[in-house]
$ cat entry_4.pdb   # PDB, C-alpha atoms
ATOM      1  CA  MET F 234      36.776 -48.767 150.793
ATOM      2  CA  SER F 235      36.073 -48.399 154.537
ATOM      3  CA  GLY F 236      38.847 -50.860 155.312
ATOM      4  CA  LEU F 237      41.208 -48.895 153.087
ATOM      5  CA  ARG F 238      40.407 -45.741 155.036
ATOM      6  CA  ARG F 239      41.412 -47.582 158.215
ATOM      7  CA  VAL F 240      44.696 -48.720 156.661
ATOM      8  CA  ALA F 241      45.444 -45.117 155.736
ATOM      9  CA  ARG F 242      44.453 -43.770 159.138
ATOM     10  CA  GLN F 243      46.766 -46.304 160.791
ATOM     11  CA  ALA F 244      49.747 -44.836 158.955
ATOM     12  CA  ALA F 245      48.703 -41.286 159.759
ATOM     13  CA  ARG F 246      48.349 -42.285 163.408
ATOM     14  CA  ALA F 247      51.835 -43.795 163.399
ATOM     15  CA  GLN F 248      53.167 -40.391 162.326
ATOM     16  CA  GLY F 249      51.281 -38.645 165.116
ATOM     17  CA  HIS F 250      48.747 -37.011 162.793
ATOM     18  CA  ASP F 251      45.720 -38.950 164.040
ATOM     19  CA  THR F 252      45.081 -39.542 167.728
ATOM     20  CA  ARG F 253      41.764 -41.397 167.435
ATOM     21  CA  GLU F 254      41.760 -44.843 169.016
ATOM     22  CA  GLU F 255      41.631 -47.644 166.468
ATOM     23  CA  ARG F 256      39.745 -50.847 167.229
ATOM     24  CA  CYS F 257      39.418 -54.301 165.747
ATOM     25  CA  ASP F 258      36.478 -54.362 163.334
ATOM     26  CA  LEU F 259      35.562 -57.881 164.440
ATOM     27  CA  CYS F 260      35.545 -57.685 168.246
ATOM     28  CA  ALA F 261      36.059 -53.947 168.991
ATOM     29  CA  GLU F 262      39.244 -54.658 170.970
ATOM     30  CA  PRO F 263      41.574 -51.621 170.962
ATOM     31  CA  LEU F 264      44.523 -52.036 168.609
ATOM     32  CA  PRO F 265      48.045 -51.178 169.821
ATOM     33  CA  PRO F 266      48.648 -47.538 168.867
ATOM     34  CA  GLY F 267      51.316 -47.081 166.221
ATOM     35  CA  ALA F 268      51.824 -50.835 165.762
ATOM     36  CA  PRO F 269      51.008 -52.785 162.581
ATOM     37  CA  HIS F 270      48.092 -55.193 162.603
ATOM     38  CA  ARG F 271      46.524 -57.687 160.223
ATOM     39  CA  HIS F 272      43.581 -57.243 157.869
ATOM     40  CA  VAL F 273      40.819 -59.600 156.771
ATOM     41  CA  LEU F 274      38.778 -59.647 153.571
ATOM     42  CA  GLN F 275      35.152 -60.518 152.967
ATOM     43  CA  PRO F 276      35.309 -61.893 149.407
ATOM     44  CA  ALA F 277      31.557 -61.516 148.921
ATOM     45  CA  THR F 278      31.728 -57.745 149.355
ATOM     46  CA  GLY F 279      35.400 -56.903 148.829
ATOM     47  CA  ALA F 280      35.459 -55.169 152.232
ATOM     48  CA  VAL F 281      38.785 -55.088 154.086
ATOM     49  CA  SER F 282      38.658 -54.908 157.892
ATOM     50  CA  CYS F 283      41.206 -54.432 160.651
ATOM     51  CA  ALA F 284      41.833 -57.425 162.927
ATOM     52  CA  CYS F 285      43.490 -57.693 166.330
ATOM     53  CA  ARG F 286      45.956 -60.519 166.937
ATOM     54  CA  ALA F 287      43.369 -62.822 168.517
ATOM     55  CA  CYS F 288      40.892 -62.408 165.664
ATOM     56  CA  ALA F 289      43.635 -62.785 163.053
ATOM     57  CA  VAL F 290      44.572 -66.150 164.561
ATOM     58  CA  LEU F 291      40.994 -67.343 164.006
ATOM     59  CA  PHE F 292      41.408 -66.921 160.251
ATOM     60  CA  ASP F 293      45.031 -68.031 159.957
ATOM     61  CA  HIS F 294      46.219 -71.328 158.486
ATOM     62  CA  ASP F 295      43.637 -71.165 155.681
ATOM     63  CA  ALA F 296      40.741 -70.982 158.125
ATOM     64  CA  THR F 297      38.558 -69.394 155.479
ATOM     65  CA  SER F 298      35.040 -70.294 156.474
ATOM     66  CA  GLY F 299      34.444 -68.425 159.721
ATOM     67  CA  GLY F 300      32.105 -65.510 159.068
ATOM     68  CA  GLY F 301      33.131 -65.413 155.412
ATOM     69  CA  TYR F 302      36.451 -63.739 156.271
ATOM     70  CA  ARG F 303      39.864 -64.401 154.739
ATOM     71  CA  LEU F 304      43.077 -63.312 156.468
ATOM     72  CA  LEU F 305      45.273 -61.262 154.160
ATOM     73  CA  PRO F 306      48.831 -62.588 153.902
ATOM     74  CA  GLU F 307      51.884 -60.554 154.842
ATOM     75  CA  GLU F 308      54.469 -61.856 152.356
ATOM     76  CA  ARG F 309      55.682 -59.639 149.528
ATOM     77  CA  ARG F 310      57.642 -61.320 146.779
ATOM     78  CA  ARG F 311      59.215 -59.756 143.698
ATOM     79  CA  LEU F 312      59.039 -62.146 140.743
ATOM     80  CA  ASP F 313      62.388 -61.613 139.086
ATOM     81  CA  GLY F 314      62.490 -63.210 135.657
ATOM     82  CA  CYS F 315      58.718 -63.016 135.173
ATOM     83  CA  ARG F 316      57.936 -62.778 131.463
ATOM     84  CA  ILE F 317      54.868 -60.838 130.278
ATOM     85  CA  ASP F 318      55.659 -59.465 126.850
ATOM     86  CA  ASP F 319      53.667 -56.904 124.870
ATOM     87  CA  ALA F 320      51.605 -59.535 123.068
ATOM     88  CA  VAL F 321      50.594 -61.299 126.295
ATOM     89  CA  TRP F 322      49.786 -57.963 127.932
ATOM     90  CA  ALA F 323      47.584 -56.968 125.004
ATOM     91  CA  GLY F 324      45.696 -60.242 125.379
ATOM     92  CA  LEU F 325      44.812 -59.341 128.960
ATOM     93  CA  GLN F 326      42.808 -56.395 127.575
ATOM     94  CA  VAL F 327      44.152 -53.995 130.201
ATOM     95  CA  PRO F 328      44.329 -50.509 128.624
ATOM     96  CA  VAL F 329      46.976 -49.147 131.023
ATOM     97  CA  SER F 330      50.468 -50.109 132.170
ATOM     98  CA  LEU F 331      49.814 -50.507 135.906
ATOM     99  CA  ALA F 332      47.393 -53.156 137.182
ATOM    100  CA  PHE F 333      46.889 -55.941 139.700
ATOM    101  CA  PHE F 334      45.233 -59.305 139.173
ATOM    102  CA  THR F 335      43.271 -61.491 141.592
ATOM    103  CA  ARG F 336      41.582 -64.872 141.253
ATOM    104  CA  SER F 337      38.106 -65.446 142.689
ATOM    105  CA  GLY F 338      37.956 -68.372 145.080
ATOM    106  CA  GLU F 339      34.304 -68.913 144.193
ATOM    107  CA  SER F 340      34.275 -68.699 140.401
ATOM    108  CA  GLY F 341      37.962 -69.091 139.539
ATOM    109  CA  GLU F 342      37.772 -66.009 137.320
ATOM    110  CA  VAL F 343      40.750 -63.692 137.216
ATOM    111  CA  THR F 344      40.011 -59.983 137.483
ATOM    112  CA  ALA F 345      42.285 -57.126 136.491
ATOM    113  CA  ALA F 346      42.077 -53.907 138.497
ATOM    114  CA  TYR F 347      43.927 -50.759 137.635
ATOM    115  CA  PRO F 348      44.320 -47.629 139.771
ATOM    116  CA  SER F 349      42.699 -44.484 138.432
ATOM    117  CA  PRO F 350      41.576 -41.078 139.697
ATOM    118  CA  LEU F 351      38.175 -42.722 140.314
ATOM    119  CA  GLY F 352      39.548 -45.664 142.309
ATOM    120  CA  ALA F 353      40.146 -49.212 141.074
ATOM    121  CA  LEU F 354      38.575 -49.971 137.675
ATOM    122  CA  ARG F 355      37.992 -53.675 137.065
ATOM    123  CA  ALA F 356      37.607 -56.066 134.155
ATOM    124  CA  THR F 357      37.495 -59.858 133.797
ATOM    125  CA  VAL F 358      40.593 -61.355 132.158
ATOM    126  CA  PRO F 359      40.131 -63.870 129.293
ATOM    127  CA  PRO F 360      41.068 -67.342 130.664
ATOM    128  CA  ASP F 361      43.358 -68.190 127.723
ATOM    129  CA  SER F 362      45.285 -64.968 128.221
ATOM    130  CA  TRP F 363      45.725 -65.640 131.931
ATOM    131  CA  ARG F 364      47.110 -69.100 131.177
ATOM    132  CA  GLU F 365      49.767 -67.411 129.055
ATOM    133  CA  VAL F 366      50.647 -65.190 132.017
ATOM    134  CA  GLU F 367      50.953 -68.225 134.290
ATOM    135  CA  GLN F 368      53.487 -69.713 131.916
ATOM    136  CA  GLY F 369      55.733 -66.704 132.556
ATOM    137  CA  HIS F 370      56.678 -67.650 136.143
ATOM    138  CA  PRO F 371      56.349 -70.874 138.184
ATOM    139  CA  ASP F 372      54.800 -69.051 141.177
ATOM    140  CA  LEU F 373      51.825 -67.610 139.308
ATOM    141  CA  PRO F 374      49.646 -70.758 139.161
ATOM    142  CA  GLY F 375      49.843 -70.743 142.976
ATOM    143  CA  LEU F 376      48.244 -67.305 143.317
ATOM    144  CA  VAL F 377      46.132 -67.522 146.488
ATOM    145  CA  PRO F 378      42.484 -66.788 145.604
ATOM    146  CA  ASP F 379      40.891 -63.539 146.789
ATOM    147  CA  VAL F 380      43.623 -62.349 149.138
ATOM    148  CA  GLN F 381      46.796 -62.291 147.024
ATOM    149  CA  ALA F 382      47.429 -60.292 143.853
ATOM    150  CA  LEU F 383      49.891 -60.130 141.010
ATOM    151  CA  LEU F 384      50.858 -56.466 140.662
ATOM    152  CA  VAL F 385      52.445 -55.480 137.348
ATOM    153  CA  ASN F 386      54.161 -52.158 136.684
ATOM    154  CA  ARG F 387      55.044 -51.451 133.049
ATOM    155  CA  ALA F 388      54.723 -47.678 133.322
ATOM    156  CA  HIS F 389      57.445 -45.505 131.775
ATOM    157  CA  GLY F 390      59.647 -48.439 130.845
ATOM    158  CA  ALA F 391      59.399 -50.257 134.177
ATOM    159  CA  SER F 392      59.164 -54.047 134.339
ATOM    160  CA  GLU F 393      58.173 -55.076 137.857
ATOM    161  CA  HIS F 394      56.069 -58.042 138.895
ATOM    162  CA  TRP F 395      55.123 -58.635 142.540
ATOM    163  CA  LEU F 396      53.002 -61.095 144.499
ATOM    164  CA  LEU F 397      51.398 -58.961 147.212
ATOM    165  CA  PRO F 398      48.624 -59.045 149.793
ATOM    166  CA  LEU F 399      45.520 -57.302 148.516
ATOM    167  CA  ASP F 400      45.721 -54.444 151.013
ATOM    168  CA  ASP F 401      49.055 -53.360 149.496
ATOM    169  CA  CYS F 402      47.303 -52.992 146.153
ATOM    170  CA  TYR F 403      44.585 -50.906 147.803
ATOM    171  CA  ARG F 404      47.323 -48.641 149.155
ATOM    172  CA  LEU F 405      48.527 -48.078 145.606
ATOM    173  CA  VAL F 406      44.983 -47.252 144.502
ATOM    174  CA  ALA F 407      44.824 -44.580 147.209
ATOM    175  CA  VAL F 408      48.168 -43.107 146.124
ATOM    176  CA  VAL F 409      47.045 -42.786 142.492
ATOM    177  CA  ARG F 410      43.629 -41.412 143.395
ATOM    178  CA  ALA F 411      45.114 -38.799 145.722
ATOM    179  CA  HIS F 412      47.760 -37.446 143.365
ATOM    180  CA  TRP F 413      46.447 -37.898 139.800
ATOM    181  CA  LYS F 414      46.217 -34.676 137.793
ATOM    182  CA  GLY F 415      45.180 -34.067 134.191
ATOM    183  CA  LEU F 416      44.986 -36.724 131.493
ATOM    184  CA  ASP F 417      48.281 -38.523 132.146
ATOM    185  CA  GLY F 418      48.433 -38.181 135.914
ATOM    186  CA  GLY F 419      51.198 -35.613 136.033
ATOM    187  CA  THR F 420      54.780 -35.923 137.253
ATOM    188  CA  GLU F 421      53.965 -36.146 140.953
ATOM    189  CA  VAL F 422      51.730 -39.194 140.779
ATOM    190  CA  TRP F 423      54.372 -41.229 138.950
ATOM    191  CA  GLN F 424      56.977 -40.174 141.485
ATOM    192  CA  ARG F 425      54.618 -41.412 144.196
ATOM    193  CA  VAL F 426      54.130 -44.692 142.342
ATOM    194  CA  ASP F 427      57.920 -45.113 142.150
ATOM    195  CA  ASP F 428      58.108 -44.423 145.895
ATOM    196  CA  PHE F 429      55.446 -47.068 146.499
ATOM    197  CA  PHE F 430      57.448 -49.735 144.676
ATOM    198  CA  ARG F 431      60.651 -48.772 146.454
ATOM    199  CA  GLY F 432      58.739 -48.983 149.726
ATOM    200  CA  LEU F 433      57.711 -52.603 149.158
ATOM    201  CA  THR F 434      61.015 -53.704 150.674
ATOM    202  CA  GLU F 435      60.828 -51.101 153.485
ATOM    203  CA  PRO F 436      57.164 -50.041 153.612
ATOM    204  CA  THR F 437      56.494 -46.316 153.728
ATOM    205  CA  PRO F 438      53.236 -45.358 155.521
ATOM    206  CA  PHE F 439      50.612 -43.134 153.961
ATOM    207  CA  THR F 440      50.849 -39.422 154.552
ATOM    208  CA  THR F 441      47.901 -37.603 156.049
ATOM    209  CA  GLU F 442      47.005 -36.277 152.586
ATOM    210  CA  GLU F 443      46.942 -39.793 151.155
ATOM    211  CA  ALA F 444      44.784 -40.943 154.045
ATOM    212  CA  SER F 445      42.173 -38.342 153.195
ATOM    213  CA  TRP F 446      42.053 -39.561 149.565
ATOM    214  CA  ALA F 447      41.767 -43.265 150.301
ATOM    215  CA  SER F 448      38.057 -43.499 149.539
ATOM    216  CA  PRO F 449      35.387 -41.736 147.487
TER     217      PRO F 449
END

$ encode --input "entry_4.pdb" --output "structure tokens"
Amino acid sequence: MSGLRRVARQAARAQGHDTREERCDLCAEPLPPGAPHRHVLQPATGAVSCACRACAVLFDHDATSGGGYRLLPEERRRLDGCRIDDAVWAGLQVPVSLAFFTRSGESGEVTAAYPSPLGALRATVPPDSWREVEQGHPDLPGLVPDVQALLVNRAHGASEHWLLPLDDCYRLVAVVRAHWKGLDGGTEVWQRVDDFFRGLTEPTPFTTEEASWASP
């Protein structure tokens, strides 16, 4: 979660709430204050790190071997017409209505993760059930291992399906963890989740409060 803390601090800094200098985690080069930058993932550990432009170029164009890092993509794509009905969802064995799915580049296994007040809870998805999901949209078999996720929102009657970079999903985890109250989360957390999905077309940075809740 250290990388997630950095993502949150970046947004707080952009709003003038955090004046600490931010540096690339790979080469220690200062990052432009208030400007967006890329992130890299270490699949072996799940750690997300900040990367300056020069370091990001090293891992671009599927350059996945250097130091075990993978560059997280930037594209966000809403999958209109994606079909995951109640029966298919039940087969995924996800006990909630908000979750994201990633495929391991090493094992090929698909993992479901769902935001909770304790962070992201994870479970392996049955292969047959995932194949049914892939049949629901032509883009799903092309899910990029490790760094790209299918995010599904079925909460409170919603039906949204997005292909997102993994750090976006970590942002959602931080939102839920920061604002969850009681057994069902409370009204505020679901308003924040709605704001998150609206912000996928025009991203809204974390608030200072969300930044402080981004990790255990």

$ closest_residue --input "entry_4.pdb" --among "F:Val321, F:Val329, F:Ala391, F:Val377" --to "Pro359 in chain F" --atoms "only C-alpha atoms"
F:Val321

$ residues_around --input "entry_4.pdb" --residues "range 409-415 of chain F" --least-positions-apart "2" --cutoff "7 Å" --atoms "only C-alpha atoms" --output "ChimeraX atom specification"
/F:348-352,405-407,417-419,421-422,443,446

$ closest_residue --input "entry_4.pdb" --among "F:Leu399, F:Cys315, F:Leu433, F:Cys283" --to "Pro263 in chain F" --atoms "all atoms listed in the file"
F:Cys283

$ residues_around --input "entry_4.pdb" --residues "Ala388 in chain F" --least-positions-apart "5" --cutoff "10 Å" --atoms "only C-alpha atoms" --output "MDAnalysis selection string"
chainID F and resid 329:332 393 423 426:427

$ resolve_selection --input "entry_4.pdb" --expression "the PyMOL selection byres ((chain F and resi 334) around 6)" --output "CSV table (one decimal) with C-alpha atoms, in the coordinates of the input"
chain,number,residue,atom,x,y,z
F,333,PHE,CA,46.9,-55.9,139.7
F,335,THR,CA,43.3,-61.5,141.6
F,344,THR,CA,40.0,-60.0,137.5
F,345,ALA,CA,42.3,-57.1,136.5
F,382,ALA,CA,47.4,-60.3,143.9
F,383,LEU,CA,49.9,-60.1,141.0

$ atom_distance --input "entry_4.pdb" --atom1 "CA of Gln368 in chain F" --atom2 "CA of Arg404 in chain F"
27.9 Å

$ closest_residue --input "entry_4.pdb" --among "F:Ser362, F:Arg311, F:Ala356, F:Gly338" --to "Leu384 in chain F" --atoms "only C-alpha atoms"
F:Arg311

$ atom_distance --input "entry_4.pdb" --atom1 "CA of Gly341 in chain F" --atom2 "CA of Val273 in chain F"
19.9 Å

$ closest_residue --input "entry_4.pdb" --among "F:Leu397, F:Glu342, F:Arg286, F:Leu304" --to "Arg364 in chain F" --atoms "only C-alpha atoms"
F:Glu342
